[in-house]
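Engineer: Below is a structure I'd like to ask you about.
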Amino acid sequence: MSQKLLALVEQSSLREDVPQFNVGDTVDVHTRILEGDKERIQIFTGTVIAKSGSGTRAMFTVRRIVAGEGVERKFPLHSPKIAKVEVKRSGVVRRAKLYFLRDRVGKAVRLREKRDNAPQA
Amino acid sequence: MAKGLLGRKVGMTQVFDESGRAYPVTVIEAGPCHVLQVRTQDRDGYEAVQLGFADKPRRLARRSERGHVATLESKRSKKLKAAGVESPAKANCEPKRFIREIRGMVDGLEVGQEITVGLLAEVKSVDVTATSKGSGFTGVMKRWNFGGLCAAHGAKKVHRSLGGTGGKATDRGGGRPKKGKKMPGQYGNERVTTRNIKVVRVDEENGLLLVHGAVPGPTGGMVIVRETNKY
C-alpha cells in the first residue's frame, strides 16, 4: 500500500519523454540554465559511465576530459532542467558501471563503437 | 485556530517543482478523520476536537470503543432513555485505531463530520508529532552527541565512554552527579514533535500531504499534523 502511494506521488514528477540512452553512449546533455530572467541551454558532452536509482531519484553520470582533467557530472534523469539528451555515439560495453575509465588516460578512454549487424546498403 | 489532522507516514521520496528544484519529501496519508467528540469551554473547561483516523476491525474493537463512535443498544441505554436522559451525539462511524485530540480547533466542526487533507490546503507550514523509532539502550555518543574519549594516549576500552560524572565539588559539594546528568539509557520510542516543516504539496484527490524533509517515526507510523505557530 505504501509503495503504491509513493508511486502515485512520484508519477507527477516523472517526465513523459524519458531520454533513451545506455551506459557507454556518448551524449550531449542539454540543460536549461537561468541567467537573470533569461533562459539558455548549456550542453555537456561526454560518456555515460553510470545510471543509478529508480523512480524520480534516477540519476546518470556523464564523464568527459576537459583540459586533461577528468570531469564528471551527475544529472537527475527526470529533472525538468534537462531539456534533452542526444545520443551521439554508442559504445560497446560489458558492464553497468564504467568506473574503470577513471583510471585511464588518453587514447585508452575510447570505447569501441557499437555497429548494427545489418549490412550497410 | 490551529488546524490539525491525523495521518500515517507513507515514506520518503523526491519531487521536482516547476523550476526544476528537487525536494526531499515525506508523504503522509492525512485523513480522512472523523470528528468523534467536540470539547467545549462550558462542559470540559477547554476547547478541542477529538479526531479518529483509520478504521479498526470490529472484531478487535472493544465494546467501549464501538460505543464511543456509535450508539449501542443496552439495558442501561434503554433505562436512561426511558428516564429521559439524552445520550451524547455519536459520530456513527467504524471504530478507530488512532484517536487524538487537537486543541483549539472548533470552528463549526460537528461530531460525525469527516475532515480531509483539504483542511490544510492553505497552510504553509506544519508541526508533525509522532513516536520516534526506538533505539533501545544507547550510549552517550549516539544519545547526546558526546565526543567520546581519545582513540590513543593510553585510553583503553573507554573510547565511547562519557568520561567523568562529577566529583566532590559538583552539585554544590554534594559529592554526587548533578540532577539531569546526561548518561546512557533508552533512546527513541518517545513522542517527538518536529516543528515548522514546510508543506510542499497537498494532494486532495488522493488524500496525501507532502512535507519537506523528514518526519519522526517509522514508515507506517501514525502521525499528528498541526498547523504551526512558529514561523
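Labels for the C-alpha cells follow display order: chains A, B, ..., residues from 1 in each chain, ligands from 1.
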Please return, as a ChimeraX atom specification, all residues of chain A lying within 9 Å of chain B when only C-alpha atoms are considered.

Structural biologist: /A:1-3,5-6,8-10,12-14,55-57,78-82

Engineer: Taking the DSSP secondary structure from the backbone, can you list the residues of chain A that are alpha helix (DSSP H), as a PDB file with N, CA and C atoms, in the first residue's frame?

Structural biologist:
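What landed in out_39.pdb:
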ATOM      1  N   SER A   2       1.870   1.231   0.888  1.00  0.00           N
ATOM      2  CA  SER A   2       2.771   2.384   0.969  1.00  0.00           C
ATOM      3  C   SER A   2       3.465   2.620  -0.356  1.00  0.00           C
ATOM      4  N   GLN A   3       3.949   1.516  -0.947  1.00  0.00           N
ATOM      5  CA  GLN A   3       4.680   1.640  -2.202  1.00  0.00           C
ATOM      6  C   GLN A   3       3.786   2.189  -3.300  1.00  0.00           C
ATOM      7  N   LYS A   4       2.521   1.775  -3.283  1.00  0.00           N
ATOM      8  CA  LYS A   4       1.582   2.256  -4.296  1.00  0.00           C
ATOM      9  C   LYS A   4       1.387   3.753  -4.164  1.00  0.00           C
ATOM     10  N   LEU A   5       1.247   4.218  -2.923  1.00  0.00           N
ATOM     11  CA  LEU A   5       1.033   5.647  -2.703  1.00  0.00           C
ATOM     12  C   LEU A   5       2.269   6.441  -3.105  1.00  0.00           C
ATOM     13  N   LEU A   6       3.443   5.891  -2.800  1.00  0.00           N
ATOM     14  CA  LEU A   6       4.682   6.578  -3.175  1.00  0.00           C
ATOM     15  C   LEU A   6       4.794   6.674  -4.685  1.00  0.00           C
ATOM     16  N   ALA A   7       4.435   5.576  -5.361  1.00  0.00           N
ATOM     17  CA  ALA A   7       4.498   5.561  -6.825  1.00  0.00           C
ATOM     18  C   ALA A   7       3.562   6.626  -7.387  1.00  0.00           C
ATOM     19  N   LEU A   8       2.429   6.775  -6.724  1.00  0.00           N
ATOM     20  CA  LEU A   8       1.435   7.764  -7.144  1.00  0.00           C
ATOM     21  C   LEU A   8       2.001   9.170  -7.053  1.00  0.00           C
ATOM     22  N   VAL A   9       2.737   9.419  -5.961  1.00  0.00           N
ATOM     23  CA  VAL A   9       3.331  10.733  -5.754  1.00  0.00           C
ATOM     24  C   VAL A   9       4.416  10.972  -6.791  1.00  0.00           C
ATOM     25  N   GLU A  10       5.211   9.948  -7.043  1.00  0.00           N
ATOM     26  CA  GLU A  10       6.325  10.102  -7.968  1.00  0.00           C
ATOM     27  C   GLU A  10       5.835  10.308  -9.395  1.00  0.00           C
ATOM     28  N   GLN A  11       4.684   9.721  -9.687  1.00  0.00           N
ATOM     29  CA  GLN A  11       4.120   9.820 -11.031  1.00  0.00           C
ATOM     30  C   GLN A  11       4.108  11.264 -11.521  1.00  0.00           C
TER      31      GLN A  11
END

Engineer: Need the shell around stretch 67-75 of chain A: protein/DNA/RNA residues with any atom at most 10 Å away, counting only C-alpha atoms. Skip same-chain ones fewer than 4 positions apart. Format as number ranges by chain?

Structural biologist: A: 29, 31, 44, 46-52, 58-63, 79, 81-82, 101-106

Engineer: Taking only C-alpha atoms into account, name the residue in B:Tyr23, B:Gly84, B:Phe137, B:Gln186 that is nearest to B:Lys198.

Structural biologist: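 When distances to B:Lys198 are compared using only C-alpha atoms, the smallest one comes from B:Tyr23.
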
Engineer: Set the distance at 10 Å and use only C-alpha atoms: which residues neighbour B:Lys3 once local chain neighbours fewer than 5 positions away are removed? I'd like the list as a PyMOL selection string.

Structural biologist: chain B and resi 102-107+119-120+123+126+225-228

Engineer: Keeping only C-alpha atoms, write those residues as a PDB file, in the first residue's frame.

Structural biologist:
ATOM      1  CA  ILE B 102      -6.410  18.649  18.678  1.00  0.00           C
ATOM      2  CA  ARG B 103      -6.544  21.641  20.991  1.00  0.00           C
ATOM      3  CA  GLY B 104      -8.463  24.694  19.979  1.00  0.00           C
ATOM      4  CA  MET B 105      -9.789  23.522  16.614  1.00  0.00           C
ATOM      5  CA  VAL B 106     -13.504  24.020  16.835  1.00  0.00           C
ATOM      6  CA  ASP B 107     -14.814  26.426  14.229  1.00  0.00           C
ATOM      7  CA  LEU B 119      -8.253  21.436   5.536  1.00  0.00           C
ATOM      8  CA  LEU B 120      -4.529  22.107   5.192  1.00  0.00           C
ATOM      9  CA  VAL B 123      -1.343  26.048   5.319  1.00  0.00           C
ATOM     10  CA  VAL B 126       3.106  22.332   9.914  1.00  0.00           C
ATOM     11  CA  VAL B 225      -0.118  17.027  11.737  1.00  0.00           C
ATOM     12  CA  ARG B 226      -0.912  20.507  13.032  1.00  0.00           C
ATOM     13  CA  GLU B 227      -0.630  23.964  11.569  1.00  0.00           C
ATOM     14  CA  THR B 228       2.453  25.509  13.089  1.00  0.00           C
TER      15      THR B 228
END

Engineer: Tell me, in Å to one decimal, how far atom CA of B:Gly7 is from atom CA of B:Arg97.

Structural biologist: 11.0 Å

Engineer: Skip A:His30 itself and residues of its chain fewer than 3 positions away, then list as a list in words all residues within 7 Å of it, counting only C-alpha atoms.

Structural biologist: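 Skipping anything fewer than 3 positions along the chain leaves Ile41, Gln42, Ile43, Phe44, Ile82, Ala83, Lys84 and Val85 of chain A.
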
Engineer: Leaving out stretch 176-178 of chain B and any residue of its chain fewer than 3 positions from it, which residues lie within 10 Å of it when counting only C-alpha atoms, given as a PyMOL selection string?

Structural biologist: chain B and resi 164-173+181-182

Engineer: In Å, how far is it from atom CA of B:Met141 to atom CA of B:Val192?

Structural biologist: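 These atoms are spaced 19.7 Å apart.
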